[in-house]
Amino acid sequence: MRTNVLFLLTFLWSHFTHSQIEDAWIFFKDKPEVDTYLSNPIAMLSQRAIDRRNRLQISLDEKDVPIDVTYYNQINATTGITVKARSKWLNALHIRGTKETIAALLPAFDFIESIEYADKRLNRVAIDNSTKNKLINNHQNKFKALQTEFDYGVSSTQIKMLNADYLHREGYTGEGMHIAVIDGGFLNVETLPAFQRLRDQNKILGGYDFVNRSPNFYSAHSHGTHVLSNIAGYIENEFVGTAPDASFYLFITEDILNETPLEESLWVEAAERADSLGVDVINTSLGYTTFDNRNYSHTYNDLDGKTTFISRGAEIGASRGMLLVTSAGNSGSSAWKYLSAPADAAAVFTVGAVNASENMAQFSSYGPTADGRVKPDVVAHGENVYIINYNSGEPSRANGTSFSSPVMAGAVACFWQAFPNLKPVEVMEIVRKSSHRYANPTDHYGYGIPDFEQAFKGLGTANLTEKTTLKTYPNPVEDLLFIDYNEPNLKISIINPIGVVVKDKETVSNSIDMSDLSGGMYILQIEKEGLFQKIKFLKH
């Protein structure tokens, strides 16, 4: 009898393990409609996204083309397979099904290139059992590092630490910049007085809840509300975000009830949506290492910027011309002290946390990446930093790289507003070079605390005016803008508020015809030998 019981238990266990539902990605070999889409880019990208590509001289390519609909339909119609997400950048679907059902797809469909299971054991990848490569089992919950000319009020320290107030005084407050916040929820953003300024100026352009496939993004969790407040919150004489005049898309990809690899795929979907809408900057105060199913969790070796699905997607997102800012993680004081994905991606601007005295926050996660690169890139105020509390609507203190990241993202957006023709990789390097530990980076500080005044002056007016005497008039202008200068061979550009060059010429005369431009604020950019001067003017 005992033998029969043992046999039955063994049978049941075998049956259970073979029937367990798995997460996996299937990657397709090609996209049959590439030529059709590339000849008609407006069918896949907004005009703003196309303009951003043109401005940054980034060509469209196959990664911009949607997944082939016939491939998708055939997989979606397969019995026992559920499609949970898709990525055009990686030409992949995130699916669920039993191991046997998923494995049967490869021989059944000749357009499938490969299958990658979230459970790495099923991919036959060797697991290094060394200390650094142990599965993460005590990583902090990303939402637990927690609360305990403007008059910045209580937000003064977090802004002035970066000299971001200098950018504001120069007139760069994020106007015309589009920022996507990808997070866990945005409770009460539609009602809190601290976001009234955003609402009154129609600065919230839209959003989506990818977790529930719902247009209601003012839901789920308060974390995104707090993150958004660091960029765009405003209470007169009390609190100002680092980019108070930027515009926003609010995307939910974090499932607050579960920790699964699907969240990585949803993030990539949201980033693709942001790209197609012409977003300039993405802030991600999320990171992934540990999942509810321990077999899916990442090891330290996975944090090389090339392995996790989210980091692969982030690299492609950066190559499209977006600047991706992300939190390093809050595991610095735990046994697992390293950063999370996508903070390991080389093209992502990773932000650690310091306190008001500019000392490292103990919770801020460490680098380097598994392949030895310096991370975090920079640090900002994230210990006892001020946010707008989603419940009270008042400033309150919070802890976490979740908040140093948006503080930095807003400052970076303002800086990029001033120099819209820079590529994201150039912006990141200039900001890194302005940081106080650039010559001696560490695994905790990265390159240190940026100085945006120094970064601005390194590219802007100070350098060019050492060589060039230049005056423009009248301001406001009706038809002709006159330019007096003492240097030959200047390159003149007129840039509209969203950073698009609308006029571009070498100086052959002392005037520019402005009669064909609509009314509004513009920037006159003068360039010589890599040095710039920018002058704001109003067209009537």
# chains A, B, ... in the order shown; residues from 1 in each chain; ligands from 1

$ select_by_dssp --residues "range 259-370 of chain A" --states "strand (DSSP E)" --output "short mmCIF file (atom, residue, chain, number, x, y, z; two decimals) with C-alpha atoms, in the first residue's frame"
data_model
loop_
_atom_site.label_atom_id
_atom_site.label_comp_id
_atom_site.auth_asym_id
_atom_site.auth_seq_id
_atom_site.Cartn_x
_atom_site.Cartn_y
_atom_site.Cartn_z
CA VAL A 281 12.52 61.61 -22.01
CA ILE A 282 11.30 58.49 -20.19
CA ASN A 283 11.53 58.21 -16.41
CA THR A 284 11.47 54.70 -14.96
CA LEU A 323 16.68 59.74 -23.26
CA LEU A 324 15.88 57.06 -20.68
CA VAL A 325 16.39 57.92 -17.01
CA THR A 326 15.98 55.17 -14.41
CA SER A 327 16.47 54.56 -10.70
CA PHE A 349 20.99 57.13 -17.52
CA THR A 350 21.01 55.44 -14.11
CA VAL A 351 20.51 57.54 -10.98
CA GLY A 352 21.51 56.74 -7.40
CA ALA A 353 20.55 58.68 -4.27
CA VAL A 354 22.26 61.02 -1.80
#

$ residues_around --residues "range 418-434 of chain A" --least-positions-apart "2" --cutoff "7 Å" --atoms "only C-alpha atoms" --output "MDAnalysis selection string"
chainID A and resid 55:56 172 321:323 349 377:378 414:416 436 438 447 450:451 454:455 499

$ write_last_selection --atoms "C-alpha atoms" --output "mmCIF file, in the first residue's frame"
data_model
loop_
_atom_site.group_PDB
_atom_site.id
_atom_site.type_symbol
_atom_site.label_atom_id
_atom_site.label_comp_id
_atom_site.auth_asym_id
_atom_site.auth_seq_id
_atom_site.Cartn_x
_atom_site.Cartn_y
_atom_site.Cartn_z
ATOM 1 C CA ARG A 55 16.366 66.507 -35.919
ATOM 2 C CA LEU A 56 18.725 63.969 -34.372
ATOM 3 C CA TYR A 172 14.488 76.395 -19.583
ATOM 4 C CA GLY A 321 16.421 59.084 -29.917
ATOM 5 C CA MET A 322 14.790 59.038 -26.471
ATOM 6 C CA LEU A 323 16.679 59.738 -23.259
ATOM 7 C CA PHE A 349 20.989 57.131 -17.521
ATOM 8 C CA ASP A 377 25.865 57.186 -13.891
ATOM 9 C CA VAL A 378 25.061 59.994 -11.471
ATOM 10 C CA CYS A 414 15.358 71.241 -19.141
ATOM 11 C CA PHE A 415 18.989 70.945 -20.216
ATOM 12 C CA TRP A 416 18.033 69.153 -23.436
ATOM 13 C CA HIS A 436 31.821 66.177 -9.093
ATOM 14 C CA TYR A 438 33.851 62.420 -12.938
ATOM 15 C CA TYR A 447 30.285 59.918 -11.514
ATOM 16 C CA PRO A 450 25.931 66.843 -11.847
ATOM 17 C CA ASP A 451 26.243 70.622 -12.113
ATOM 18 C CA GLN A 454 28.556 74.005 -15.629
ATOM 19 C CA ALA A 455 27.100 71.694 -18.279
ATOM 20 C CA GLY A 499 12.943 71.649 -30.606
#

$ closest_residue --among "A:Glu170, A:Asn123, A:Lys160, A:Phe27" --to "Phe109 in chain A" --atoms "only C-alpha atoms"
A:Phe27

$ residues_around --residues "Leu517 in chain A" --least-positions-apart "6" --cutoff "10 Å" --atoms "only C-alpha atoms" --output "PyMOL selection string"
chain A and resi 478-479+496+502-503+539-540

$ residues_around --residues "Lys88 in chain A" --least-positions-apart "6" --cutoff "7 Å" --atoms "only C-alpha atoms" --output "PyMOL selection string"
chain A and resi 63-67

$ write_last_selection --atoms "C-alpha atoms" --output "PDB file, in the first residue's frame"
ATOM      1  CA  LYS A  63      12.827  47.856 -35.530  1.00  0.00           C
ATOM      2  CA  ASP A  64      10.268  50.650 -36.003  1.00  0.00           C
ATOM      3  CA  VAL A  65       7.993  48.392 -38.053  1.00  0.00           C
ATOM      4  CA  PRO A  66       5.120  46.669 -36.202  1.00  0.00           C
ATOM      5  CA  ILE A  67       5.030  42.919 -35.690  1.00  0.00           C
TER       6      ILE A  67
END

$ select_by_dssp --residues "range 270-513 of chain A" --states "helix (DSSP H, G or I)" --output "PyMOL selection string"
chain A and resi 270-276+294-296+300-302+309-319+401-418+424-433+452-459+461-465

$ atom_distance --atom1 "CA of Leu122 in chain A" --atom2 "CA of Lys31 in chain A"
27.1 Å

$ residues_around --residues "Ala118 in chain A" --least-positions-apart "5" --cutoff "8 Å" --atoms "only C-alpha atoms" --output "mmCIF file with N, CA and C atoms, in the first residue's frame"
data_model
loop_
_atom_site.group_PDB
_atom_site.id
_atom_site.type_symbol
_atom_site.label_atom_id
_atom_site.label_comp_id
_atom_site.auth_asym_id
_atom_site.auth_seq_id
_atom_site.Cartn_x
_atom_site.Cartn_y
_atom_site.Cartn_z
ATOM 1 N N GLU A 22 4.117 28.316 -17.998
ATOM 2 C CA GLU A 22 5.389 29.029 -18.075
ATOM 3 C C GLU A 22 5.222 30.346 -18.836
ATOM 4 N N ASP A 23 6.089 31.299 -18.491
ATOM 5 C CA ASP A 23 6.224 32.528 -19.277
ATOM 6 C C ASP A 23 7.374 32.358 -20.254
ATOM 7 N N ALA A 24 7.207 32.876 -21.457
ATOM 8 C CA ALA A 24 8.261 32.781 -22.461
ATOM 9 C C ALA A 24 8.091 33.887 -23.496
ATOM 10 N N TRP A 25 9.165 34.120 -24.233
ATOM 11 C CA TRP A 25 9.122 35.034 -25.373
ATOM 12 C C TRP A 25 9.404 34.240 -26.636
ATOM 13 N N PRO A 261 7.779 38.303 -14.914
ATOM 14 C CA PRO A 261 8.508 38.811 -16.084
ATOM 15 C C PRO A 261 7.632 39.580 -17.058
ATOM 16 N N ASN A 295 12.378 30.760 -10.018
ATOM 17 C CA ASN A 295 13.082 30.262 -11.195
ATOM 18 C C ASN A 295 13.233 31.321 -12.283
ATOM 19 N N TYR A 296 12.435 32.380 -12.202
ATOM 20 C CA TYR A 296 12.489 33.445 -13.189
ATOM 21 C C TYR A 296 13.446 34.569 -12.780
#

$ closest_residue --among "A:Phe452, A:Phe363, A:Tyr117, A:Phe217" --to "Ile102 in chain A" --atoms "only C-alpha atoms"
A:Tyr117

$ atom_distance --atom1 "CA of Ile75 in chain A" --atom2 "CA of Phe111 in chain A"
10.6 Å

$ closest_residue --among "A:Ala243, A:Ile81, A:Ala318, A:Ile388" --to "Ala346 in chain A" --atoms "only C-alpha atoms"
A:Ala318

$ closest_residue --among "A:Ile526, A:Ile95, A:Ala409, A:Ile449" --to "Thr472 in chain A" --atoms "only C-alpha atoms"
A:Ile526
